[in-house]
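K.L.:
Coordinates in model-v4.txt, compact mmCIF, C-alpha atoms and all ligand atoms, are listed below.
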```txt
# COMPACT_ATOMS: atom_id res chain seq x y z
CA MET A 1 11.66 17.65 -15.39
CA SER A 2 7.91 17.41 -15.92
CA TYR A 3 6.13 14.12 -16.44
CA SER A 4 2.87 13.04 -17.94
CA CYS A 5 1.67 9.71 -16.49
CA LYS A 6 -0.85 7.18 -17.77
CA LYS A 7 -3.20 8.39 -15.03
CA GLU A 8 -2.99 11.27 -12.60
CA LEU A 9 -3.52 8.97 -9.63
CA LEU A 10 -0.88 6.31 -9.05
CA VAL A 11 -1.87 3.72 -6.44
CA LEU A 12 0.64 1.46 -4.69
CA VAL A 13 -0.69 -1.84 -3.39
CA GLY A 14 1.08 -4.74 -1.73
CA PRO A 15 1.81 -6.30 1.65
CA MET A 16 3.24 -4.78 4.82
CA GLY A 17 6.94 -4.20 4.31
CA ALA A 18 6.79 -3.93 0.52
CA GLY A 19 8.16 -0.38 0.66
CA LYS A 20 4.95 1.38 -0.40
CA SER A 21 5.52 4.48 1.75
CA THR A 22 9.21 4.85 1.01
CA ILE A 23 8.80 4.29 -2.72
CA GLY A 24 5.64 6.39 -2.82
CA LYS A 25 7.33 9.41 -1.25
CA ILE A 26 10.28 9.32 -3.66
CA LEU A 27 7.97 8.79 -6.63
CA ALA A 28 5.71 11.68 -5.63
CA GLN A 29 8.69 13.95 -5.17
CA GLU A 30 10.03 13.09 -8.64
CA LEU A 31 6.66 13.76 -10.21
CA GLY A 32 5.79 16.87 -8.20
CA TYR A 33 2.69 14.98 -7.00
CA GLU A 34 1.21 14.89 -3.52
CA PHE A 35 1.97 11.74 -1.51
CA LEU A 36 -0.83 10.24 0.59
CA ASP A 37 -0.80 7.12 2.74
CA SER A 38 -4.27 5.72 3.49
CA ASP A 39 -3.14 4.55 6.96
CA LYS A 40 -1.96 8.06 7.87
CA VAL A 41 -5.19 9.62 6.62
CA ILE A 42 -7.21 7.14 8.72
CA GLU A 43 -5.14 8.09 11.78
CA GLU A 44 -5.51 11.82 11.13
CA ARG A 45 -9.27 11.61 10.65
CA CYS A 46 -9.75 9.41 13.71
CA GLY A 47 -7.27 11.26 15.91
CA ALA A 48 -5.84 7.93 17.06
CA ASP A 49 -3.21 5.51 15.84
CA ILE A 50 -3.88 2.18 14.12
CA PRO A 51 -3.15 -0.05 17.15
CA TRP A 52 -5.70 1.98 19.14
CA ILE A 53 -8.33 1.64 16.39
CA PHE A 54 -7.79 -2.16 16.25
CA ASP A 55 -7.97 -2.37 20.06
CA VAL A 56 -11.14 -0.36 20.46
CA GLU A 57 -13.06 -1.01 17.23
CA GLY A 58 -11.56 -4.30 16.11
CA GLU A 59 -10.28 -5.06 12.63
CA ALA A 60 -13.81 -4.66 11.23
CA GLY A 61 -14.01 -1.09 12.56
CA PHE A 62 -10.63 -0.31 11.02
CA ARG A 63 -11.72 -1.77 7.66
CA ASP A 64 -14.86 0.40 7.64
CA ARG A 65 -12.76 3.50 8.21
CA GLU A 66 -10.32 2.34 5.56
CA ALA A 67 -13.08 1.90 2.97
CA VAL A 68 -14.30 5.49 3.46
CA VAL A 69 -10.75 6.82 3.13
CA ILE A 70 -9.97 4.75 0.01
CA LYS A 71 -13.18 5.96 -1.62
CA ASP A 72 -12.32 9.60 -0.91
CA LEU A 73 -8.68 9.34 -1.91
CA SER A 74 -9.51 7.52 -5.14
CA MET A 75 -10.87 10.88 -6.40
CA LYS A 76 -7.48 12.58 -6.01
CA LYS A 77 -5.42 13.85 -8.92
CA LYS A 78 -1.67 14.42 -9.21
CA THR A 79 -1.28 12.08 -6.27
CA VAL A 80 0.66 8.96 -5.36
CA LEU A 81 -1.46 6.91 -2.94
CA ALA A 82 0.03 4.16 -0.76
CA THR A 83 -2.66 1.79 0.49
CA GLY A 84 -2.61 -0.42 3.60
CA GLY A 85 -1.69 -4.07 3.01
CA GLY A 86 -5.24 -5.28 3.69
CA ALA A 87 -7.10 -2.64 1.70
CA MET A 88 -7.56 -4.86 -1.36
CA MET A 89 -9.55 -7.40 0.65
CA ARG A 90 -12.75 -5.47 -0.02
CA GLN A 91 -14.26 -5.53 -3.47
CA GLU A 92 -15.48 -1.94 -3.16
CA ASN A 93 -11.92 -0.72 -2.52
CA ARG A 94 -10.66 -2.66 -5.53
CA ASP A 95 -13.41 -1.11 -7.65
CA TYR A 96 -12.66 2.44 -6.56
CA ILE A 97 -8.95 2.38 -7.15
CA THR A 98 -9.09 0.56 -10.47
CA ARG A 99 -11.72 3.00 -11.77
CA THR A 100 -9.57 6.08 -11.28
CA GLY A 101 -6.00 4.99 -10.62
CA TYR A 102 -3.05 3.34 -12.30
CA VAL A 103 -2.32 0.51 -9.89
CA ILE A 104 1.19 -0.73 -9.14
CA TYR A 105 1.70 -3.89 -7.12
CA LEU A 106 4.97 -3.87 -5.17
CA ASN A 107 5.61 -7.57 -4.89
CA THR A 108 7.93 -8.71 -2.11
CA SER A 109 8.94 -12.07 -0.63
CA VAL A 110 7.67 -13.00 2.82
CA GLU A 111 11.32 -13.08 4.00
CA GLN A 112 11.78 -9.48 2.97
CA GLN A 113 8.44 -8.43 4.49
CA PHE A 114 9.43 -10.12 7.74
CA HIS A 115 12.81 -8.42 7.74
CA ARG A 116 11.34 -4.96 7.03
CA THR A 117 8.56 -5.22 9.64
CA SER A 118 10.39 -7.05 12.44
CA LYS A 119 10.96 -4.00 14.69
CA ASP A 120 7.64 -2.36 13.97
CA LYS A 121 5.11 -1.84 16.75
CA ASN A 122 2.47 -0.11 14.65
CA ARG A 123 1.08 -3.14 12.83
CA PRO A 124 -1.47 -4.90 15.06
CA LEU A 125 -1.71 -8.00 12.87
CA LEU A 126 1.94 -8.77 13.63
CA GLN A 127 1.85 -8.03 17.38
CA GLY A 128 0.63 -9.79 20.47
CA GLU A 129 1.62 -13.35 21.03
CA ASN A 130 3.11 -13.44 17.60
CA ASP A 131 6.55 -14.78 17.52
CA ASN A 132 4.87 -16.31 14.49
CA ALA A 133 4.82 -13.08 12.48
CA PHE A 134 6.44 -14.97 9.60
CA ASP A 135 3.51 -17.39 9.42
CA VAL A 136 1.02 -14.55 9.65
CA LEU A 137 2.70 -12.75 6.73
CA SER A 138 2.83 -16.00 4.79
CA ASN A 139 -0.85 -16.75 5.27
CA LEU A 140 -1.87 -13.20 4.40
CA MET A 141 0.18 -13.35 1.20
CA GLU A 142 -1.49 -16.55 0.12
CA VAL A 143 -4.90 -14.92 0.30
CA ARG A 144 -3.94 -11.44 -0.87
CA ASP A 145 -1.41 -11.98 -3.68
CA PRO A 146 -4.16 -12.91 -6.20
CA LEU A 147 -6.12 -9.81 -5.18
CA TYR A 148 -3.12 -7.51 -5.65
CA ARG A 149 -2.50 -9.10 -9.06
CA ASP A 150 -6.12 -8.73 -9.98
CA VAL A 151 -6.09 -4.92 -9.55
CA ALA A 152 -2.55 -4.30 -10.82
CA ASP A 153 -1.71 -2.55 -14.09
CA LEU A 154 1.96 -3.17 -13.30
CA VAL A 155 3.71 -5.64 -11.00
CA ILE A 156 7.19 -4.79 -9.71
CA ASP A 157 9.41 -6.97 -7.57
CA THR A 158 11.00 -4.88 -4.79
CA ASP A 159 13.11 -7.66 -3.27
CA ARG A 160 16.82 -6.91 -2.88
CA LYS A 161 16.34 -3.83 -5.02
CA ASN A 162 17.50 -0.33 -4.39
CA LEU A 163 14.25 1.56 -3.90
CA LYS A 164 15.41 4.41 -6.13
CA LEU A 165 15.76 1.89 -8.94
CA VAL A 166 12.20 0.75 -8.34
CA VAL A 167 11.07 4.37 -8.67
CA ALA A 168 13.08 4.77 -11.89
CA ARG A 169 11.42 1.63 -13.28
CA ILE A 170 7.94 2.95 -12.42
CA LEU A 171 8.70 6.32 -14.05
CA GLN A 172 9.97 4.57 -17.16
CA ASP A 173 6.92 2.32 -17.48
CA VAL A 174 4.16 4.69 -16.40
CA CYS A 175 5.20 8.25 -17.19
CA ASP A 176 6.62 10.19 -20.13
CA ALA A 177 9.20 12.82 -19.38
CA GLY A 178 8.33 16.08 -21.10
C1 LIG B 201 -2.51 -4.03 7.40
C2 LIG B 201 -1.46 -3.29 6.91
C3 LIG B 201 -1.08 -1.98 7.46
C4 LIG B 201 -2.29 -1.31 8.15
C5 LIG B 201 -2.91 -2.25 9.13
C6 LIG B 201 -3.39 -3.55 8.50
C7 LIG B 201 -2.81 -5.34 6.78
O1 LIG B 201 -0.61 -1.14 6.42
O2 LIG B 201 -3.24 -0.91 7.20
O3 LIG B 201 -1.96 -2.50 10.15
O4 LIG B 201 -3.93 -5.84 6.95
O5 LIG B 201 -1.92 -5.88 6.07
P1 LIG B 201 0.86 -1.28 5.74
O6 LIG B 201 0.74 -2.26 4.61
O7 LIG B 201 1.14 0.10 5.26
O8 LIG B 201 1.79 -1.71 6.80
```
Let me see whether you can do it: turn the structure in this file into structure tokens.
P.N.:
Amino acid sequence: MSYSCKKELLVLVGPMGAGKSTIGKILAQELGYEFLDSDKVIEERCGADIPWIFDVEGEAGFRDREAVVIKDLSMKKKTVLATGGGAMMRQENRDYITRTGYVIYLNTSVEQQFHRTSKDKNRPLLQGENDNAFDVLSNLMEVRDPLYRDVADLVIDTDRKNLKLVVARILQDVCDAG
């Protein structure tokens, strides 16, 4: 089946553990689009993983790298782009993706985020002395939820939902089957 979407760049935003990568891959496959994950592109360009970048360059260094990647990837066509959970903190990133992309906010409860990220070692903001990862996720959501909503053309709740159904919902709302 071929699809024609509202824009040729679909951007997934939302917190860690929202399912951006999983949903993005399925969505891209359905559409015959390329799937890109801004975190993976940062790692490829830097030749190091995200925990290393946070360790050596701090969060600020990571955010600078992220801004360059978001700017570049916002020019892509026939692409589904998953963005890191903190990428919407910077106004310039919000501007770039809203200029060129159709933005989908995958909204998820803190409980679900906590559950989906609990075994993960690749997210520096949830590591270290944090047995308080739940509080960290909670505090981040308080600050970031309005920013995700601000950029979103569509908000979808991914809690307790089969991810394939989320993809079907996105296709129905955003793309016409030809
Ligand atoms: C971050 C989320 C991560 C990654 C980095 C920082 C955040 O991406 O960019 O660890 O600030 O929420 P995911 O949302 O893909 O986990």
K.L.:
So which one's closest to ligand LIG 201 (chain B), A:Ala82, A:Met16, A:Ile70, A:Ile104? Using all atoms listed in the file, please.
P.N.:
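Comparing A:Ala82, A:Met16, A:Ile70, A:Ile104 against ligand LIG 201 (chain B), the winner is A:Met16.
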K.L.:
Taking into account all atoms listed in the file, which residue in the set A:Asn132, A:Thr98, A:Ser2, A:Thr83 is nearest to ligand LIG 201 (chain B)?
P.N.:
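Smallest separation from ligand LIG 201 (chain B) among the options: A:Thr83.
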K.L.:
Using only C-alpha atoms and all ligand atoms, determine which residues fall within 6 Å of ligand LIG 201 (chain B), then list them as a list of chain:residue names.
P.N.:
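What falls inside 6 Å of ligand LIG 201 (chain B) is A:Pro15, A:Met16, A:Asp39, A:Gly84, A:Gly85, A:Gly86, A:Arg123, A:Pro124.
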K.L.:
Counting all atoms listed in the file, which of A:Lys7, A:Arg63, A:Lys78, A:Lys71 gets nearest to Glu34 of chain A?
P.N.:
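When distances to Glu34 of chain A are compared using all atoms listed in the file, the smallest one comes from A:Lys78.
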K.L.:
Compile the contact shell of segment 160-171 of chain A as a PyMOL selection string: residues with an atom at most 10 Å away, counting all atoms listed in the file, same-chain residues fewer than 6 positions apart removed.
P.N.:
chain A and resi 3-5+19-20+22-28+30-31+104+106+108-109+112+154+177
K.L.:
Considering only C-alpha atoms, state which residue in the set A:Asn122, A:Asn107, A:Leu137, A:Leu12 is at the smallest distance from Phe35 of chain A.
P.N.:
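Looking only at the distances to Phe35 of chain A, the closest residue turns out to be A:Leu12.
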K.L.:
Give the answer as one residue: which of A:Ile50, A:Ala67, A:Ala133, A:Val174 has the shortest atom-to-atom distance to Asp153 of chain A, using only C-alpha atoms?
P.N.:
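For Asp153 of chain A, the nearest of the candidates is A:Val174.
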